[in-house]
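*Asks:* I am sharing target25.txt, which consists of compact mmCIF, C-alpha atoms and all ligand atoms:
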```txt
# COMPACT_ATOMS: atom_id res chain seq x y z
CA MET A 1 41.67 -3.32 -10.71
CA SER A 2 40.67 -6.93 -9.91
CA ARG A 3 37.02 -7.90 -9.78
CA ALA A 4 37.26 -8.27 -6.01
CA GLN A 5 38.56 -4.71 -5.63
CA ARG A 6 35.97 -3.12 -7.87
CA LYS A 7 33.25 -1.68 -5.69
CA PRO A 8 29.82 -2.21 -7.29
CA LYS A 9 27.80 1.00 -7.52
CA ARG A 10 24.84 0.43 -5.24
CA SER A 11 21.54 1.17 -6.80
CA ALA A 12 18.26 1.41 -4.93
CA ARG A 13 17.01 -1.28 -7.32
CA ASP A 14 19.40 -3.81 -5.87
CA VAL A 15 17.42 -5.31 -3.03
CA SER A 16 19.75 -8.30 -2.83
CA VAL A 17 22.58 -6.17 -1.48
CA GLY A 18 22.23 -6.14 2.30
CA GLY A 19 23.01 -3.37 4.70
CA TRP A 20 19.72 -1.45 4.71
CA ILE A 21 19.51 -0.01 8.18
CA ALA A 22 16.40 -0.91 10.13
CA TYR A 23 14.93 -0.20 13.54
CA TRP A 24 14.28 -3.41 15.42
CA ASN A 25 13.07 -3.42 19.05
CA GLY A 26 15.10 -0.46 20.22
CA ARG A 27 18.17 -0.88 17.98
CA LEU A 28 19.34 0.37 14.61
CA VAL A 29 20.77 -2.64 12.77
CA PRO A 30 21.44 -3.81 9.19
CA ASP A 31 18.22 -5.61 8.31
CA GLU A 32 19.94 -8.98 7.82
CA GLU A 33 20.70 -8.91 11.56
CA ILE A 34 17.03 -8.81 12.53
CA HIS A 35 15.92 -12.01 14.25
CA ILE A 36 12.23 -12.63 14.73
CA SER A 37 11.20 -15.41 17.09
CA PRO A 38 9.47 -18.32 15.32
CA TRP A 39 6.87 -17.86 18.09
CA ASP A 40 6.22 -14.21 17.35
CA ARG A 41 2.46 -13.82 17.02
CA GLY A 42 2.92 -11.66 13.94
CA PHE A 43 4.60 -14.61 12.23
CA VAL A 44 2.43 -17.38 13.72
CA LEU A 45 -0.98 -15.71 13.51
CA GLY A 46 -0.64 -12.51 11.51
CA ASP A 47 -1.40 -10.78 14.82
CA ALA A 48 0.05 -7.39 13.90
CA ALA A 49 -0.58 -4.03 12.30
CA TYR A 50 1.56 -2.48 9.61
CA GLU A 51 2.02 0.55 7.39
CA VAL A 52 3.83 1.20 4.14
CA THR A 53 4.87 4.80 3.52
CA ARG A 54 6.89 5.86 0.50
CA THR A 55 9.22 8.73 -0.15
CA TYR A 56 9.13 11.18 -3.03
CA ARG A 57 12.48 12.84 -3.55
CA HIS A 58 13.67 11.24 -0.30
CA VAL A 59 10.92 12.84 1.83
CA PRO A 60 8.27 10.57 3.42
CA PHE A 61 4.92 11.24 1.80
CA HIS A 62 2.14 11.96 4.33
CA LEU A 63 3.95 10.12 7.13
CA ASP A 64 1.62 11.82 9.58
CA TRP A 65 -1.47 10.16 8.03
CA HIS A 66 0.27 6.78 7.91
CA LEU A 67 1.24 6.93 11.59
CA ASP A 68 -2.27 7.98 12.59
CA ARG A 69 -3.61 4.95 10.74
CA LEU A 70 -1.00 2.67 12.36
CA LEU A 71 -2.02 3.85 15.82
CA SER A 72 -5.71 3.37 15.10
CA SER A 73 -5.05 -0.13 13.69
CA LEU A 74 -3.17 -1.00 16.91
CA GLN A 75 -6.05 0.36 18.94
CA TYR A 76 -8.49 -1.86 17.01
CA LEU A 77 -6.25 -4.87 17.69
CA GLN A 78 -5.90 -3.88 21.36
CA ILE A 79 -2.12 -3.84 21.09
CA ASP A 80 -0.67 -1.15 23.36
CA PRO A 81 1.49 1.06 21.16
CA PRO A 82 5.03 0.68 22.51
CA LEU A 83 6.02 4.11 21.11
CA THR A 84 4.29 7.45 20.81
CA LYS A 85 3.54 9.06 17.46
CA GLU A 86 6.41 11.52 18.06
CA GLN A 87 8.82 8.66 18.81
CA LEU A 88 7.66 6.76 15.72
CA THR A 89 8.13 9.88 13.61
CA ASP A 90 11.66 10.48 14.93
CA LEU A 91 12.66 6.85 14.48
CA THR A 92 11.28 6.76 10.95
CA LEU A 93 13.25 9.84 9.98
CA THR A 94 16.38 8.39 11.62
CA VAL A 95 16.05 5.10 9.71
CA LEU A 96 15.48 6.99 6.49
CA ALA A 97 18.47 9.29 7.09
CA ARG A 98 20.70 6.26 7.68
CA ASN A 99 19.63 4.78 4.32
CA ILE A 100 19.67 7.90 2.17
CA PRO A 101 23.42 7.73 1.44
CA ARG A 102 22.82 4.58 -0.59
CA LEU A 103 20.14 6.20 -2.77
CA GLY A 104 20.66 7.96 -6.08
CA SER A 105 18.85 11.27 -6.63
CA GLN A 106 16.13 9.45 -8.65
CA ASP A 107 15.71 6.61 -6.13
CA ASP A 108 13.00 6.39 -3.52
CA VAL A 109 12.12 3.94 -0.77
CA SER A 110 9.15 2.43 0.92
CA ILE A 111 9.29 2.45 4.70
CA THR A 112 7.41 -0.37 6.41
CA HIS A 113 6.31 -0.16 10.04
CA ARG A 114 5.32 -3.50 11.49
CA ILE A 115 4.19 -3.95 15.08
CA THR A 116 3.22 -7.40 16.33
CA ARG A 117 1.63 -8.36 19.65
CA GLY A 118 4.91 -10.08 20.67
CA VAL A 119 5.86 -13.68 21.34
CA PHE A 120 3.20 -16.39 21.66
CA ALA A 121 2.93 -17.42 25.30
CA GLY A 122 1.39 -20.86 24.56
CA LEU A 123 -2.11 -22.22 24.22
CA PHE A 124 -4.54 -20.85 26.80
CA ALA A 125 -1.70 -18.71 28.19
CA GLY A 126 -3.52 -15.49 27.50
CA ARG A 127 -1.73 -12.23 26.91
CA PRO A 128 1.91 -12.47 25.76
CA THR A 129 4.36 -11.53 28.47
CA THR A 130 6.85 -10.03 26.00
CA PRO A 131 6.46 -6.48 24.64
CA PRO A 132 5.28 -5.93 21.06
CA THR A 133 7.83 -6.53 18.32
CA VAL A 134 8.58 -3.31 16.43
CA LEU A 135 10.21 -3.09 13.02
CA ILE A 136 10.85 -0.13 10.74
CA ILE A 137 12.47 -1.24 7.49
CA CYS A 138 13.30 0.40 4.16
CA ARG A 139 13.17 -1.04 0.67
CA PRO A 140 13.62 0.59 -2.73
CA VAL A 141 10.56 1.57 -4.74
CA THR A 142 11.25 0.99 -8.40
CA SER A 143 8.93 3.23 -10.39
CA ALA A 144 9.99 1.52 -13.63
CA GLN A 145 8.02 -1.60 -12.67
CA PHE A 146 4.81 0.43 -13.09
CA ALA A 147 5.70 2.13 -16.40
CA THR A 148 3.63 -0.11 -18.67
CA PHE A 149 0.72 -0.11 -16.21
CA TYR A 150 0.54 3.71 -16.17
CA GLN A 151 0.39 3.62 -19.94
CA SER A 152 -1.69 0.52 -20.76
CA GLY A 153 -3.62 0.07 -17.53
CA ILE A 154 -4.38 -3.02 -15.50
CA GLU A 155 -7.28 -5.46 -15.53
CA LEU A 156 -9.59 -6.04 -12.55
CA LYS A 157 -11.47 -9.33 -12.11
CA THR A 158 -13.73 -10.38 -9.26
CA PRO A 159 -12.41 -13.52 -7.59
CA SER A 160 -14.65 -16.34 -6.38
CA LEU A 161 -13.93 -15.56 -2.72
CA ARG A 162 -16.40 -13.03 -1.28
CA LEU A 163 -16.10 -10.97 1.90
CA PRO A 164 -18.80 -10.76 4.57
CA ALA A 165 -21.16 -7.83 4.01
CA ALA A 166 -20.77 -6.79 7.65
CA GLY A 167 -19.48 -8.11 10.92
CA GLY A 168 -16.10 -9.41 9.73
CA ILE A 169 -12.68 -8.04 10.56
CA GLU A 170 -12.74 -4.24 10.47
CA PRO A 171 -11.61 -3.30 6.92
CA ARG A 172 -10.47 0.14 8.08
CA ALA A 173 -7.66 -1.41 10.15
CA LYS A 174 -4.43 -2.25 8.35
CA THR A 175 -3.87 -5.63 9.93
CA GLN A 176 -1.30 -8.19 8.94
CA SER A 177 -3.65 -11.15 8.38
CA ARG A 178 -4.92 -10.58 4.86
CA LEU A 179 -5.51 -14.13 3.73
CA HIS A 180 -8.68 -13.30 1.81
CA HIS A 181 -6.67 -10.73 -0.19
CA VAL A 182 -3.86 -13.22 -0.72
CA LEU A 183 -6.27 -15.89 -2.00
CA GLY A 184 -7.93 -13.45 -4.39
CA ASP A 185 -4.51 -12.47 -5.65
CA VAL A 186 -3.38 -16.09 -6.05
CA GLU A 187 -6.52 -16.77 -8.12
CA MET A 188 -5.41 -14.01 -10.53
CA TRP A 189 -1.78 -15.14 -10.91
CA PRO A 190 -2.38 -17.45 -13.91
CA SER A 191 -3.95 -14.45 -15.74
CA GLY A 192 -0.75 -12.36 -15.67
CA ARG A 193 0.93 -9.66 -13.62
CA ASP A 194 -1.42 -6.94 -14.83
CA VAL A 195 -4.59 -8.68 -13.59
CA LEU A 196 -5.65 -7.86 -10.03
CA PRO A 197 -8.60 -9.03 -7.93
CA LEU A 198 -11.56 -6.70 -7.51
CA PHE A 199 -13.03 -7.83 -4.20
CA ALA A 200 -16.76 -7.82 -3.58
CA ASP A 201 -18.83 -8.76 -0.56
CA VAL A 202 -21.44 -11.54 -0.43
CA GLU A 203 -24.12 -9.11 -1.64
CA GLY A 204 -22.07 -8.14 -4.70
CA TYR A 205 -20.86 -4.73 -3.50
CA VAL A 206 -17.35 -3.85 -4.56
CA THR A 207 -14.79 -3.18 -1.82
CA GLU A 208 -11.16 -2.79 -2.93
CA SER A 209 -8.32 -4.53 -4.71
CA VAL A 210 -5.12 -5.99 -3.37
CA ALA A 211 -3.16 -3.24 -1.58
CA SER A 212 -5.28 -0.64 -3.33
CA ASN A 213 -8.55 1.29 -3.27
CA VAL A 214 -10.80 1.46 -6.31
CA PHE A 215 -12.49 4.40 -8.02
CA PHE A 216 -14.99 4.53 -10.90
CA VAL A 217 -15.94 7.40 -13.16
CA LYS A 218 -19.49 7.71 -14.43
CA GLY A 219 -20.19 10.85 -16.44
CA ASN A 220 -18.73 13.69 -14.40
CA ARG A 221 -18.97 11.77 -11.12
CA LEU A 222 -16.27 9.95 -9.23
CA LEU A 223 -17.55 6.93 -7.28
CA THR A 224 -15.76 4.99 -4.59
CA PRO A 225 -17.04 2.47 -2.02
CA PRO A 226 -17.96 4.04 1.33
CA ASP A 227 -15.39 4.69 4.07
CA HIS A 228 -16.77 2.01 6.39
CA ALA A 229 -16.28 -0.76 3.79
CA VAL A 230 -12.61 -0.27 2.91
CA LEU A 231 -9.18 0.59 4.23
CA GLY A 232 -8.89 4.36 4.44
CA GLY A 233 -6.03 4.50 1.95
CA VAL A 234 -3.69 7.44 2.35
CA THR A 235 -3.65 7.81 -1.44
CA ARG A 236 -7.46 7.55 -1.52
CA ARG A 237 -7.73 10.27 1.13
CA LEU A 238 -5.48 12.55 -0.88
CA LEU A 239 -7.22 11.76 -4.17
CA LEU A 240 -10.59 12.64 -2.66
CA GLN A 241 -9.17 16.06 -1.73
CA LEU A 242 -7.60 16.55 -5.15
CA ALA A 243 -10.86 15.54 -6.86
CA GLU A 244 -12.67 18.31 -5.02
CA GLU A 245 -9.95 20.79 -5.94
CA ILE A 246 -10.48 20.02 -9.63
CA HIS A 247 -14.27 20.29 -9.13
CA LEU A 248 -15.25 16.66 -9.61
CA GLU A 249 -18.40 15.49 -7.92
CA VAL A 250 -17.37 12.71 -5.52
CA LEU A 251 -19.76 10.03 -4.24
CA ARG A 252 -18.62 7.65 -1.51
CA ARG A 253 -21.38 5.08 -1.70
CA PRO A 254 -21.93 1.34 -2.27
CA VAL A 255 -21.10 0.31 -5.82
CA HIS A 256 -22.65 -2.98 -6.98
CA LEU A 257 -20.83 -5.24 -9.45
CA ALA A 258 -23.80 -4.84 -11.83
CA GLU A 259 -23.24 -1.08 -11.90
CA LEU A 260 -19.80 -1.57 -13.43
CA GLN A 261 -21.49 -2.22 -16.78
CA GLY A 262 -22.24 1.51 -16.99
CA ILE A 263 -18.94 3.10 -15.94
CA ASP A 264 -16.66 5.14 -18.20
CA GLU A 265 -13.33 4.87 -16.37
CA ALA A 266 -11.78 3.13 -13.41
CA PHE A 267 -8.51 3.39 -11.53
CA ILE A 268 -6.87 2.06 -8.40
CA THR A 269 -4.81 3.94 -5.81
CA GLY A 270 -2.05 2.77 -3.49
CA THR A 271 1.09 4.11 -1.89
CA SER A 272 3.72 2.52 -4.14
CA PHE A 273 2.31 3.50 -7.52
CA ALA A 274 -0.17 6.29 -6.56
CA ILE A 275 -2.72 5.81 -9.40
CA LEU A 276 -3.06 3.13 -12.07
CA PRO A 277 -5.69 3.21 -14.81
CA VAL A 278 -7.91 0.18 -15.42
CA ARG A 279 -8.26 -1.02 -19.03
CA ARG A 280 -10.62 -3.95 -18.43
CA ILE A 281 -13.01 -4.75 -15.63
CA ASN A 282 -14.80 -8.09 -15.33
CA SER A 283 -14.45 -8.73 -19.10
CA ARG A 284 -15.56 -5.23 -20.12
CA ASP A 285 -13.02 -3.03 -21.91
CA LEU A 286 -12.70 0.62 -20.89
CA GLN A 287 -11.39 3.09 -23.44
CA PRO A 288 -9.37 5.31 -23.65
CA VAL A 289 -6.61 4.30 -21.22
CA PRO A 290 -5.99 6.33 -19.20
CA GLY A 291 -9.32 8.13 -19.37
CA PRO A 292 -9.53 11.93 -19.07
CA VAL A 293 -10.55 11.99 -15.39
CA THR A 294 -7.82 9.48 -14.46
CA SER A 295 -5.27 11.63 -16.34
CA ALA A 296 -6.46 14.83 -14.65
CA LEU A 297 -6.16 13.23 -11.21
CA THR A 298 -2.75 11.75 -12.03
CA ALA A 299 -1.57 15.23 -13.01
CA ALA A 300 -3.06 16.73 -9.83
CA PHE A 301 -1.28 14.07 -7.79
CA GLY A 302 2.01 14.88 -9.55
CA ARG A 303 1.61 18.58 -8.72
CA HIS A 304 0.93 17.73 -5.08
CA ALA A 305 3.87 15.29 -4.77
CA GLY A 306 6.20 17.45 -6.84
CA VAL A 307 6.96 14.46 -9.09
CA ASP A 308 5.48 13.47 -12.46
CA ILE A 309 5.02 9.81 -11.51
CA VAL A 310 4.42 8.59 -15.07
CA GLU A 311 7.44 10.42 -16.48
CA ARG A 312 9.58 9.27 -13.57
CA SER A 313 8.68 5.62 -14.26
CA ARG A 314 10.07 5.99 -17.81
CA THR A 315 13.30 7.69 -16.73
CA PRO A 316 16.23 5.35 -16.24
CA ALA A 317 17.79 5.81 -12.76
C1 LIG B 401 -6.61 -3.45 1.48
C2 LIG B 401 -5.94 -2.17 1.06
N1 LIG B 401 -6.69 -1.19 0.52
C3 LIG B 401 -6.11 -0.03 0.12
C4 LIG B 401 -4.74 0.18 0.24
C5 LIG B 401 -4.14 1.47 -0.24
O1 LIG B 401 -3.75 2.25 0.85
P1 LIG B 401 -2.61 3.35 0.72
O2 LIG B 401 -3.06 4.33 -0.32
O3 LIG B 401 -2.53 3.93 2.07
O4 LIG B 401 -1.37 2.62 0.32
C6 LIG B 401 -3.94 -0.82 0.82
C7 LIG B 401 -2.50 -0.64 0.97
O5 LIG B 401 -1.76 -1.53 1.30
C8 LIG B 401 -4.54 -2.03 1.24
O6 LIG B 401 -3.83 -3.02 1.81
```
What does this structure look like when you write it as structure tokens?

*Replies:*
Amino acid sequence: MSRAQRKPKRSARDVSVGGWIAYWNGRLVPDEEIHISPWDRGFVLGDAAYEVTRTYRHVPFHLDWHLDRLLSSLQYLQIDPPLTKEQLTDLTLTVLARNIPRLGSQDDVSITHRITRGVFAGLFAGRPTTPPTVLIICRPVTSAQFATFYQSGIELKTPSLRLPAAGGIEPRAKTQSRLHHVLGDVEMWPSGRDVLPLFADVEGYVTESVASNVFFVKGNRLLTPPDHAVLGGVTRRLLLQLAEEIHLEVLRRPVHLAELQGIDEAFITGTSFAILPVRRINSRDLQPVPGPVTSALTAAFGRHAGVDIVERSRTPA
């Protein structure tokens, strides 16, 4: 067989191979056929809401919670949702079903919903006259990229950029313009891939990290910043339930940077990786990694999702 005839086995890891089927403004198309106007307000201004849901064993994980959050983010932005929750659910499952044939049994995907306000109508032109732009796209989630982080943990460092203590953009909305998160992340890049920003407000109260919520363990208590100060992460919401199930005392209250000197464990939560232990926080080492509470919650998460996430990250696809 010549090289041209040999059909490469498609792996979910191979993002470069096109042909992932997406929903784009009413059509199902290969994602390389999506054309976004250079005047789309999502592109020009970050004027959009989005969600990232992942699958476990090809089933979307808590899609219902993600779509509720998408609709409340749109409401905050005053973008009229162009589709109902039922329609979004059906379309998401359709997009997923169209992409499943290219996945191996060990592969999973992230499904991104992105809804922008539509095309920029010009300066002082007021409301766009076009409908919102709607995208639902799939990408592989490669658990292997997190394998060393599950085992050795990540480092959190507070960047120089601080957030307003109150009165800024609503942190509970998952909006597209996240420049303060991007800048905090960029500040960490020279320190290595395993160093993430730990954001704090101008008064020194911790908020979250990039694309993740933060938790701290102090004695037998689990601490996390209060609901009003952070994005209501789907993983955070689940972890808070699981923590109660394993009889941890949970406190959702302001956590000052100074208080981090007295913590025993820390971890972050986010859709793609679920839970990652923290080995160092603002120059203070935390041992062991992962700590016992982090391990217990990781195991509880695995039971809930039906997948041992740490083991899966070590298993070649
Ligand atoms: C700012 C922020 N906090 C927390 C999270 C974690 O949320 P989830 O668990 O729903 O992925 C995200 C996810 O992107 C985020 O952007």

*Asks:* Between atom CA of Asp194 of chain A and atom CA of Ser177 of chain A, what distance in Å does the model show, to one decimal?

*Replies:*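 That distance, rounded to one decimal, is 23.7 Å.
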
*Asks:* Counting all atoms listed in the file, name the residues that have an atom within 7 Å of an atom of ligand LIG 401 (chain B); the answer should be given as a ChimeraX atom specification.

*Replies:* /A:52,174,208-213,230-236,269-272

*Asks:* Given all atoms listed in the file as the basis, pick out the residue of A:Asp64, A:Glu259, A:Asp227, A:Asp90 nearest to Ile136 of chain A.

*Replies:*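 For Ile136 of chain A, the nearest of the candidates is A:Asp90.
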
*Asks:* Which residue, A:Leu77, A:Leu161, A:Ala121, A:Val278, has the smallest gap to Val195 of chain A when you use all atoms listed in the file?

*Replies:*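 Distance minimum relative to Val195 of chain A lands on A:Val278.
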
*Asks:* Give the answer as one residue: which of A:Phe273, A:His228, A:Leu96, A:Phe146 has the shortest atom-to-atom distance to Arg314 of chain A, using all atoms listed in the file?

*Replies:*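 For Arg314 of chain A, the nearest of the candidates is A:Phe146.
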
*Asks:* Find, counting all atoms listed in the file, the residue in A:Val206, A:Val119, A:Val250, A:Leu70 that gets nearest to Ala229 of chain A.

*Replies:*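 Checking each of A:Val206, A:Val119, A:Val250, A:Leu70 against Ala229 of chain A, counting all atoms listed in the file, the winner is A:Val206.
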
*Asks:* May I have the residues within 10 Å of Leu91 of chain A as a PyMOL selection string, using all atoms listed in the file and disregarding those fewer than 5 positions away in the same chain?

*Replies:* chain A and resi 22-23+26+28+83+85-86+96-97+136

*Asks:* Out of A:Arg69, A:Arg279, A:Arg284, A:Arg117, which residue has the shortest atom-to-atom distance to Pro131 of chain A when counting only C-alpha atoms?

*Replies:*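 Answer, going by the shortest atom-to-atom distance: A:Arg117.
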
*Asks:* Would you place a box with edges along x, y and z of the file around all atoms of segment 261-280 of chain A listed there, add 6 Å to each of its six sides, and report the centre and edge lengths in Å to one decimal, as JSON?

*Replies:*
```
{"center_x": -9.3, "center_y": 1.2, "center_z": -10.5, "size_x": 38.0, "size_y": 22.2, "size_z": 29.1}
```

*Asks:* Would you kindly return, as a short mmCIF file (atom, residue, chain, number, x, y, z; two decimals) with C-alpha atoms, keeping the file's coordinate frame, each protein, DNA or RNA residue with an atom no farther than 7 Å from any atom of Thr158 of chain A, considering all atoms listed in the file and excluding same-chain residues fewer than 6 positions away?

*Replies:*
```cif
data_model
loop_
_atom_site.label_atom_id
_atom_site.label_comp_id
_atom_site.auth_asym_id
_atom_site.auth_seq_id
_atom_site.Cartn_x
_atom_site.Cartn_y
_atom_site.Cartn_z
CA PRO A 197 -8.60 -9.03 -7.93
CA LEU A 198 -11.56 -6.70 -7.51
CA PHE A 199 -13.03 -7.83 -4.20
CA ALA A 200 -16.76 -7.82 -3.58
CA ASN A 282 -14.80 -8.09 -15.33
#
```

*Asks:* List every protein, DNA or RNA residue that has at least one atom no more than 9 Å from (-18.6, 4.3, -13.8) in the file's coordinates, counting only C-alpha atoms, and write the result as a PyMOL selection string.

*Replies:* chain A and resi 215-219+221-223+259-266

*Asks:* Could you save the residues just selected, with C-alpha atoms, as a tab-separated table (two decimals), keeping the file's coordinate frame?

*Replies:*
```tsv
chain	number	residue	atom	x	y	z
A	215	PHE	CA	-12.49	4.40	-8.02
A	216	PHE	CA	-14.99	4.53	-10.90
A	217	VAL	CA	-15.94	7.40	-13.16
A	218	LYS	CA	-19.49	7.71	-14.43
A	219	GLY	CA	-20.19	10.85	-16.44
A	221	ARG	CA	-18.97	11.77	-11.12
A	222	LEU	CA	-16.27	9.95	-9.23
A	223	LEU	CA	-17.55	6.93	-7.28
A	259	GLU	CA	-23.24	-1.08	-11.90
A	260	LEU	CA	-19.80	-1.57	-13.43
A	261	GLN	CA	-21.49	-2.22	-16.78
A	262	GLY	CA	-22.24	1.51	-16.99
A	263	ILE	CA	-18.94	3.10	-15.94
A	264	ASP	CA	-16.66	5.14	-18.20
A	265	GLU	CA	-13.33	4.87	-16.37
A	266	ALA	CA	-11.78	3.13	-13.41
```

*Asks:* Would you compute the distance between atom CA of Pro30 of chain A and atom CA of Thr92 of chain A? Give it in Å to one decimal.

*Replies:*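 Between these atoms lies a distance of 14.8 Å.
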
*Asks:* Do you have the atom CA of Ala173 of chain A-atom CA of Ser73 of chain A distance handy?

*Replies:*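 Computing it gives 4.6 Å between the two atoms.
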
*Asks:* Give me the residues within 10 Å of segment 34-38 of chain A as a list of chain:residue names, counting all atoms listed in the file and dropping any in the same chain fewer than 3 places off.

*Replies:*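 Here the answer would be A:Ala22, A:Tyr23, A:Trp24, A:Asn25, A:Arg27, A:Leu28, A:Val29, A:Pro30, A:Asp31, A:Arg41, A:Gly42, A:Phe43, A:Val44, A:Gly118, A:Val119, A:Phe120, A:Thr133, A:Leu135.
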
*Asks:* Compare A:Ser152, A:Asp47, A:Met188, A:Arg98 by their minimum atom-to-atom distance to Pro288 of chain A, counting only C-alpha atoms, and give me the closest one.

*Replies:*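 The shortest atom-to-atom distance to Pro288 of chain A comes from A:Ser152.
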
*Asks:* Counting all atoms listed in the file, note down every residue that has an atom within 8 Å of the point (-3.6, 5.8, -14.9) (file coordinates), as a PyMOL selection string.

*Replies:* chain A and resi 149-151+153+267+275-278+289-291+294-295+298
